[in-house]
Amino acid sequence: SKSTSLADDIIEAEIDTLPGLISIGTAGTSTVFSGSAFQLINTTTSSASQGGVLQLLSNDGAALGDDHRLGVVSFAAAEDSASTYKVGASIQAFADAAWSDTENGTRLEFNTMDGNASSELSLTLDSDKTATFTGKIRSTNTTTSSSGGGGSLRLTSDDGAALEDNHRLGMVSFAAAEDSSNTLVTGASIQAFADAAWSDTENGTRLLFRTMDG
């Protein structure tokens, strides 16, 4: 591989073959680029395994511990004329368990800022494929309105086989904390079930509305 420093406002690296590595910050050092852009260019023939790669590595000589961070991409800017930098948003990767040769679970945390230097966790993508939003979820359809338009939320069940009778298509649940320890309890739900085994001629369903009393 090779790397080159080009124009005044662009730092460009050309990677001839993968793995092509540019090591920045090795052995406790750091490298500062003064350009306004940093480009990683893979010049090999494009394929499903090619493309530019930015890899953030954590390696202190021991296996990664549970809840330890693999790396972070942070977005910062100056808040005054004295070049006082503040991080406005970040994407962080954490271990979901202690790492070993049989365990490499992770989660991604997306943080935004509201107010003065007040970082807020907005979205977490867990190793079990759960996406947890800490605020509102908004779906906006900006196409011309029609009988088939509007915002859409689709819950899909697809295990590769036809849906069986009485199997659930999806659920919308409403939950809240029942104590100061953030113990969440579902108070109501809307569930969709198959009314028969599904096929290309049968797609019967029923909706169940559940509430809580006591």
# chains A, B, ... in the order shown; residues from 1 in each chain; ligands from 1
>>> residues_around(residues="Glu103 of chain A", least_positions_apart="4", cutoff="12 Å", atoms="only C-alpha atoms", output="mmCIF file with N, CA, C and O atoms, in the first residue's frame")
data_model
loop_
_atom_site.group_PDB
_atom_site.id
_atom_site.type_symbol
_atom_site.label_atom_id
_atom_site.label_comp_id
_atom_site.auth_asym_id
_atom_site.auth_seq_id
_atom_site.Cartn_x
_atom_site.Cartn_y
_atom_site.Cartn_z
ATOM 1 N N ALA A 63 -7.281 -9.035 26.053
ATOM 2 C CA ALA A 63 -8.616 -9.142 25.457
ATOM 3 C C ALA A 63 -9.489 -7.981 25.917
ATOM 4 O O ALA A 63 -9.397 -7.515 27.056
ATOM 5 N N LEU A 64 -10.358 -7.530 25.046
ATOM 6 C CA LEU A 64 -11.259 -6.426 25.350
ATOM 7 C C LEU A 64 -12.248 -6.827 26.451
ATOM 8 O O LEU A 64 -12.834 -7.905 26.413
ATOM 9 N N GLY A 65 -12.446 -5.953 27.426
ATOM 10 C CA GLY A 65 -13.346 -6.238 28.534
ATOM 11 C C GLY A 65 -14.781 -5.849 28.214
ATOM 12 O O GLY A 65 -15.059 -5.070 27.302
ATOM 13 N N ASP A 66 -15.728 -6.384 28.979
ATOM 14 C CA ASP A 66 -17.140 -6.060 28.829
ATOM 15 C C ASP A 66 -17.358 -4.571 29.046
ATOM 16 O O ASP A 66 -16.797 -3.984 29.981
ATOM 17 N N ALA A 95 -18.050 -3.114 23.662
ATOM 18 C CA ALA A 95 -18.195 -4.568 23.796
ATOM 19 C C ALA A 95 -19.442 -4.871 24.610
ATOM 20 O O ALA A 95 -19.704 -4.220 25.626
ATOM 21 N N ASP A 96 -20.230 -5.834 24.151
ATOM 22 C CA ASP A 96 -21.431 -6.259 24.869
ATOM 23 C C ASP A 96 -21.136 -7.400 25.836
ATOM 24 O O ASP A 96 -22.022 -7.841 26.563
ATOM 25 N N ALA A 97 -19.909 -7.872 25.815
ATOM 26 C CA ALA A 97 -19.457 -8.950 26.702
ATOM 27 C C ALA A 97 -17.930 -8.947 26.656
ATOM 28 O O ALA A 97 -17.326 -8.310 25.789
ATOM 29 N N ALA A 98 -17.310 -9.647 27.605
ATOM 30 C CA ALA A 98 -15.862 -9.783 27.567
ATOM 31 C C ALA A 98 -15.463 -10.568 26.317
ATOM 32 O O ALA A 98 -16.033 -11.626 26.044
ATOM 33 N N TRP A 99 -14.519 -10.066 25.573
ATOM 34 C CA TRP A 99 -14.145 -10.696 24.305
ATOM 35 C C TRP A 99 -13.232 -11.902 24.508
ATOM 36 O O TRP A 99 -12.429 -11.959 25.434
ATOM 37 N N SER A 127 -26.349 -5.991 20.195
ATOM 38 C CA SER A 127 -25.868 -7.204 19.527
ATOM 39 C C SER A 127 -26.996 -8.165 19.195
ATOM 40 O O SER A 127 -26.837 -9.020 18.323
#
>>> residues_around(residues="Ser58 of chain A", least_positions_apart="6", cutoff="8 Å", atoms="only C-alpha atoms", output="ChimeraX atom specification")
/A:64,69-71
>>> select_by_dssp(residues="segment 1-212 of chain A", states="strand (DSSP E)", output="ChimeraX atom specification")
/A:10-15,37-42,69-78,85-95,106-113,119-125,131-133,168-177,184-194,205-211
>>> closest_residue(among="A:Ser181, A:Thr124, A:Thr130, A:Thr143", to="Phe94 of chain A", atoms="only C-alpha atoms")
A:Thr124
>>> residues_around(residues="segment 207-212 of chain A", least_positions_apart="2", cutoff="9 Å", atoms="only C-alpha atoms", output="PyMOL selection string")
chain A and resi 186-193+205+214
>>> atom_distance(atom1="atom CA of Val172 of chain A", atom2="atom CA of Thr156 of chain A")
12.0 Å
>>> closest_residue(among="A:Thr44, A:Gly149, A:Ser180, A:Ala89", to="Ser122 of chain A", atoms="only C-alpha atoms")
A:Ala89
>>> closest_residue(among="A:Asn203, A:Asn116, A:Gln39, A:Ser81", to="Ala162 of chain A", atoms="only C-alpha atoms")
A:Asn203
>>> residues_around(residues="Thr142 of chain A", least_positions_apart="5", cutoff="12 Å", atoms="only C-alpha atoms", output="PDB file with all heavy atoms, in the first residue's frame")
ATOM      1  N   GLY A 149     -50.449   6.763   0.175  1.00  0.00           N
ATOM      2  CA  GLY A 149     -49.317   7.494   0.742  1.00  0.00           C
ATOM      3  C   GLY A 149     -49.395   7.623   2.243  1.00  0.00           C
ATOM      4  O   GLY A 149     -50.127   6.893   2.916  1.00  0.00           O
ATOM      5  N   GLY A 150     -48.646   8.586   2.787  1.00  0.00           N
ATOM      6  CA  GLY A 150     -48.617   8.806   4.229  1.00  0.00           C
ATOM      7  C   GLY A 150     -47.453   8.110   4.890  1.00  0.00           C
ATOM      8  O   GLY A 150     -46.806   7.233   4.302  1.00  0.00           O
ATOM      9  N   GLY A 151     -47.154   8.505   6.139  1.00  0.00           N
ATOM     10  CA  GLY A 151     -46.097   7.843   6.902  1.00  0.00           C
ATOM     11  C   GLY A 151     -46.430   6.385   7.127  1.00  0.00           C
ATOM     12  O   GLY A 151     -47.603   6.005   7.239  1.00  0.00           O
ATOM     13  N   SER A 152     -45.379   5.553   7.219  1.00  0.00           N
ATOM     14  CA  SER A 152     -45.615   4.113   7.312  1.00  0.00           C
ATOM     15  C   SER A 152     -44.700   3.473   8.350  1.00  0.00           C
ATOM     16  O   SER A 152     -43.518   3.797   8.431  1.00  0.00           O
ATOM     17  CB  SER A 152     -45.374   3.461   5.944  1.00  0.00           C
ATOM     18  OG  SER A 152     -45.508   2.049   6.011  1.00  0.00           O
TER      19      SER A 152
END
>>> closest_residue(among="A:Asp165, A:Glu178, A:Glu120, A:Asp128", to="Ala194 of chain A", atoms="only C-alpha atoms")
A:Asp165
>>> closest_residue(among="A:Ile137, A:Met171, A:Leu54, A:Val73", to="Glu109 of chain A", atoms="only C-alpha atoms")
A:Val73
